[in-house]
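> The structure's right below; bear with me while I get my questions together.
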Amino acid sequence: MISIVIPIHNEEPSILPLYDRLTAVLERLQRPYEIIFVDDASTDRSFDLLANLVETDQRLKVIRLRRNFGQTPALQAGFDEAQGEVIISMDGDLQHDPEDIPALLEKVEQGWDIASGWRKNRIDNAITRKIPSRIANWLMAKASGIELHDFGTTFKAYRTEILKDINLYGELHRFIPALAKLYGARVIEVPIKNTPRAAGDSHYGLSRTFRVLYDILTIKFLLTYFTRPMHFFGTLGLTGTILGGAIMSYLFVYKLLGNDIVVDHGPLMIAGSLLLLAGIMMFSTGILGEMLMRTYFESQGRRIYAVREVRTRKEAQAPEAAR
């Protein structure tokens, strides 16, 4: 079964054309499917249109959020509701062509855990969208270790078991392939068409690019130190403690020789004190991080690993049983 998850916010002009094109593609696949629209508190007639469609199609489901939470929570709501073995997420503004769905499904059927869309020939404005996007995608690729050209697109196909291990917060939906890497997901990129927006305005602007930098730092930390925070904070703490301790030891000996350290080395004394204090704080933060990490996994019964499959040797069937 295939689940299509589509978060929308004020996409009234696109809903009916998208639904018609989407159902036409899914019918040709001759596989069971469901379509889940997540209305992120639209203020136009988007929900009314969807409510009418639900009455005519039992494979359609509409989730209406109480307020405008954002794209990531809307996607999470759709993922939580989805029943299919494969989940495909896409935008509701018709910039994602439903005709590309079979190409994404083909890669999942070949054994990939995530088939990520790649807007190879983008039609967006070069200054406000293309160039910032390329910079952000390059930084994401370096931080995550996954060589994708397009992290930002929502158009992706996932094996459902991969998404069960991932909880989304903030604006981390674009980083699902990187988060899935924590559990050994296999990711491939699939070129998709990028069509002009049919109606309405984009919900994203140049300001979003700067927020992405914070997400990149978060992902880098999670991928490298999620289960061992002391390795990160301990390194900083050890560096600060050694440097601060060396400076303070030097100044202590200098003082014993009868010199005035405040007059001669006042700034150095302040620097040594701050380094020593910062090193101790980093050690303390690392210990707290270790405790929080253990609480996170043990209180919820979560595992620090993910099993792809288990195989055992099949016992030979007894002759009597075979007869």
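Chains: A, B, ... in order of the structure tokens. Residues: from 1 per chain. Ligands: from 1, in order shown.
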Identify, on the basis of only C-alpha atoms, every residue whose closest approach to Thr153 in chain A does not exceed 9 Å; exclude the query and any residue fewer than 3 positions from it along the same chain; express the result as a PyMOL selection string.
chain A and resi 90-91+116-119+150+156+174
> Given the selection you just returned, output its residues as a file containing N, CA and C atoms, formatted as a compact mmCIF listing (two decimals), in the first residue's frame.

# COMPACT_ATOMS: atom_id res chain seq x y z
N MET A 90 4.78 15.15 -0.57
CA MET A 90 4.90 16.12 -1.65
C MET A 90 4.16 17.40 -1.26
N ASP A 91 4.48 18.50 -1.96
CA ASP A 91 3.82 19.77 -1.70
C ASP A 91 2.47 19.83 -2.40
N SER A 116 14.86 10.29 -2.80
CA SER A 116 14.73 11.73 -2.60
C SER A 116 14.69 12.45 -3.94
N GLY A 117 13.71 13.30 -4.12
CA GLY A 117 13.60 14.06 -5.35
C GLY A 117 14.73 15.07 -5.51
N TRP A 118 15.13 15.28 -6.74
CA TRP A 118 16.18 16.25 -7.04
C TRP A 118 15.70 17.18 -8.15
N ARG A 119 15.45 18.44 -7.78
CA ARG A 119 15.02 19.43 -8.78
C ARG A 119 16.25 19.84 -9.58
N ASP A 150 19.76 18.07 -3.40
CA ASP A 150 18.54 18.82 -3.07
C ASP A 150 17.92 18.26 -1.79
N LYS A 156 9.56 13.13 -1.65
CA LYS A 156 10.41 11.98 -1.32
C LYS A 156 9.53 10.75 -1.07
N ARG A 174 13.37 18.70 6.09
CA ARG A 174 14.31 18.62 4.96
C ARG A 174 15.52 17.75 5.29
> Which residues are near Arg64 in chain A? Cut-off 10 Å, only C-alpha atoms, ignore same chain within fewer than 4 positions. Put them as a ChimeraX atom specification.
/A:7-8,37-42,47,68,74,77
> Just the selected residues (N, CA, C and O atoms), exported as a compact mmCIF listing (two decimals), in the first residue's frame, please.

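Generated output (result-v6.txt):
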# COMPACT_ATOMS: atom_id res chain seq x y z
N PRO A 7 1.05 18.16 2.93
CA PRO A 7 0.71 19.29 3.80
C PRO A 7 0.32 20.50 2.96
O PRO A 7 0.97 20.79 1.95
N ILE A 8 -0.72 21.20 3.37
CA ILE A 8 -1.16 22.37 2.61
C ILE A 8 -1.44 23.52 3.56
O ILE A 8 -1.77 23.33 4.73
N PHE A 37 -4.29 14.52 3.06
CA PHE A 37 -4.05 15.96 3.06
C PHE A 37 -4.02 16.45 4.50
O PHE A 37 -4.91 16.12 5.29
N VAL A 38 -3.01 17.23 4.84
CA VAL A 38 -2.92 17.82 6.17
C VAL A 38 -3.08 19.32 6.02
O VAL A 38 -2.20 20.01 5.49
N ASP A 39 -4.24 19.83 6.44
CA ASP A 39 -4.53 21.25 6.33
C ASP A 39 -3.94 21.96 7.54
O ASP A 39 -4.43 21.82 8.66
N ASP A 40 -2.91 22.76 7.29
CA ASP A 40 -2.21 23.46 8.37
C ASP A 40 -2.90 24.80 8.65
O ASP A 40 -2.32 25.86 8.47
N ALA A 41 -4.18 24.68 9.08
CA ALA A 41 -4.99 25.85 9.45
C ALA A 41 -5.07 26.88 8.33
O ALA A 41 -4.75 28.06 8.51
N SER A 42 -5.52 26.43 7.16
CA SER A 42 -5.70 27.36 6.04
C SER A 42 -6.81 28.35 6.35
O SER A 42 -7.79 28.03 7.03
N PHE A 47 -9.85 23.75 3.12
CA PHE A 47 -10.46 22.66 3.88
C PHE A 47 -11.86 22.32 3.38
O PHE A 47 -12.25 21.15 3.34
N ASN A 68 -1.79 27.06 12.73
CA ASN A 68 -0.71 26.93 11.76
C ASN A 68 0.59 26.55 12.48
O ASN A 68 1.29 27.38 13.04
N ALA A 74 3.11 19.41 10.23
CA ALA A 74 2.06 18.91 9.34
C ALA A 74 2.48 17.59 8.70
O ALA A 74 1.67 16.65 8.59
N ALA A 77 2.23 14.83 11.30
CA ALA A 77 0.84 14.42 11.49
C ALA A 77 0.41 13.44 10.39
O ALA A 77 -0.27 12.44 10.66
> Which parts of range 145-313 of chain A does DSSP call helix (DSSP H, G or I) when run on the backbone here, written out as a ChimeraX atom specification?
/A:160-164,172-181,207-225,229-256,261-300
> So that I can see what lies close to Leu104 in chain A, please list as an MDAnalysis selection string the residues with an atom at most 10 Å from it, counting only C-alpha atoms and leaving out residues fewer than 4 positions away in the same chain.
chainID A and resid 88 99:100 108:109 112 114:117 155:158 188:192
> Next, write the just-selected residues to a file, as a PDB file, in the first residue's frame, keeping C-alpha atoms as the atom set.

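Saved as part.pdb:
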ATOM      1  CA  ILE A  88       5.415   9.608  -0.374  1.00  0.00           C
ATOM      2  CA  GLU A  99       3.871  11.800 -12.841  1.00  0.00           C
ATOM      3  CA  ASP A 100       7.235  11.468 -11.032  1.00  0.00           C
ATOM      4  CA  VAL A 108      12.177   1.960  -3.205  1.00  0.00           C
ATOM      5  CA  GLU A 109      11.192  -1.345  -4.815  1.00  0.00           C
ATOM      6  CA  TRP A 112      16.466   1.795  -1.291  1.00  0.00           C
ATOM      7  CA  ILE A 114      14.551   6.691   0.779  1.00  0.00           C
ATOM      8  CA  ALA A 115      14.154   7.983  -2.768  1.00  0.00           C
ATOM      9  CA  SER A 116      14.732  11.730  -2.604  1.00  0.00           C
ATOM     10  CA  GLY A 117      13.602  14.064  -5.355  1.00  0.00           C
ATOM     11  CA  PHE A 155       8.982  15.215  -2.722  1.00  0.00           C
ATOM     12  CA  LYS A 156      10.408  11.975  -1.322  1.00  0.00           C
ATOM     13  CA  ALA A 157       9.446   8.314  -0.956  1.00  0.00           C
ATOM     14  CA  TYR A 158      10.160   6.473   2.302  1.00  0.00           C
ATOM     15  CA  ILE A 188      19.234   7.596  -3.495  1.00  0.00           C
ATOM     16  CA  GLU A 189      18.433  10.724  -5.477  1.00  0.00           C
ATOM     17  CA  VAL A 190      15.896  10.767  -8.303  1.00  0.00           C
ATOM     18  CA  PRO A 191      15.657  13.693 -10.783  1.00  0.00           C
ATOM     19  CA  ILE A 192      12.169  15.236 -10.776  1.00  0.00           C
TER      20      ILE A 192
END
> Rounded to one decimal, what separation in Å do you get between CA of Lys220 in chain A and CA of Ser144 in chain A?
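Distance between the two atoms: 6.2 Å.
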> Find the residues near Ala51 in chain A: any atom within 9 Å, counting only C-alpha atoms, skip ones fewer than 5 places away on the same chain, and give them as an NGL selection string.
:A and (46 or 61-62)
> Tell me, in Å to one decimal, how far CA of Pro98 in chain A is from CA of Val86 in chain A.
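Here the two named atoms are 15.4 Å from each other.
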> For Gln58 in chain A, which of A:Ile131, A:Leu75, A:Ile247, A:Ile35 is the closest residue, counting only C-alpha atoms?
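When distances to Gln58 in chain A are compared using only C-alpha atoms, the smallest one comes from A:Ile35.
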> What's around Arg302 in chain A at 9 Å? Count only C-alpha atoms, leave out sequence neighbours fewer than 5 positions away in its own chain, and write the answer as a PDB file with C-alpha atoms, in the first residue's frame.

ATOM      1  CA  ASP A 165      12.498   5.727  14.090  1.00  0.00           C
ATOM      2  CA  TYR A 296      15.865   9.366  26.517  1.00  0.00           C
ATOM      3  CA  PHE A 297      16.642   5.823  25.400  1.00  0.00           C
TER       4      PHE A 297
END
> Residues at most 10 Å from Ser273 in chain A, counting only C-alpha atoms, excluding those fewer than 6 positions away in the same chain, as a ChimeraX atom specification?
/A:240-241,243-245,247-248,267,279
> Which residue gives the smallest distance to Glu34 in chain A among A:Leu222, A:Leu94, A:Val5, A:Leu292, with only C-alpha atoms counted?
A:Val5
> Go through A:Leu163, A:Leu18, A:Ile261, A:Leu65 and flag the residue nearest Asp97 in chain A, using only C-alpha atoms for the distances.
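Of all the options, A:Leu18 lies closest to Asp97 in chain A.
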> Got a sec: who's within 12 Å of Ile280 in chain A, counting only C-alpha atoms, leaving out chain neighbours fewer than 3 positions off, as a list in words?
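The neighbour list is Phe233, Gly234, Thr235, Leu236, Gly237, Leu238, Thr239, Gly240, Thr241, Ile242, Leu243, Gly244, Gly245, Ser273, Leu274, Leu275, Leu276, Leu277, Phe283, Ser284, Thr285, Gly286 and Ile287 of chain A.
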> Please compute the CA of Ala178 in chain A-CA of Glu11 in chain A distance, one decimal, in Å.
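So the two atoms, CA of Ala178 in chain A and CA of Glu11 in chain A, lie 28.8 Å apart.
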> Can you list, as a PyMOL selection string, every residue of range 25-205 of chain A that DSSP puts in strand (DSSP E or B)?
chain A and resi 33-39+60-64+86-89+96+114-119+156-159+187-192+194
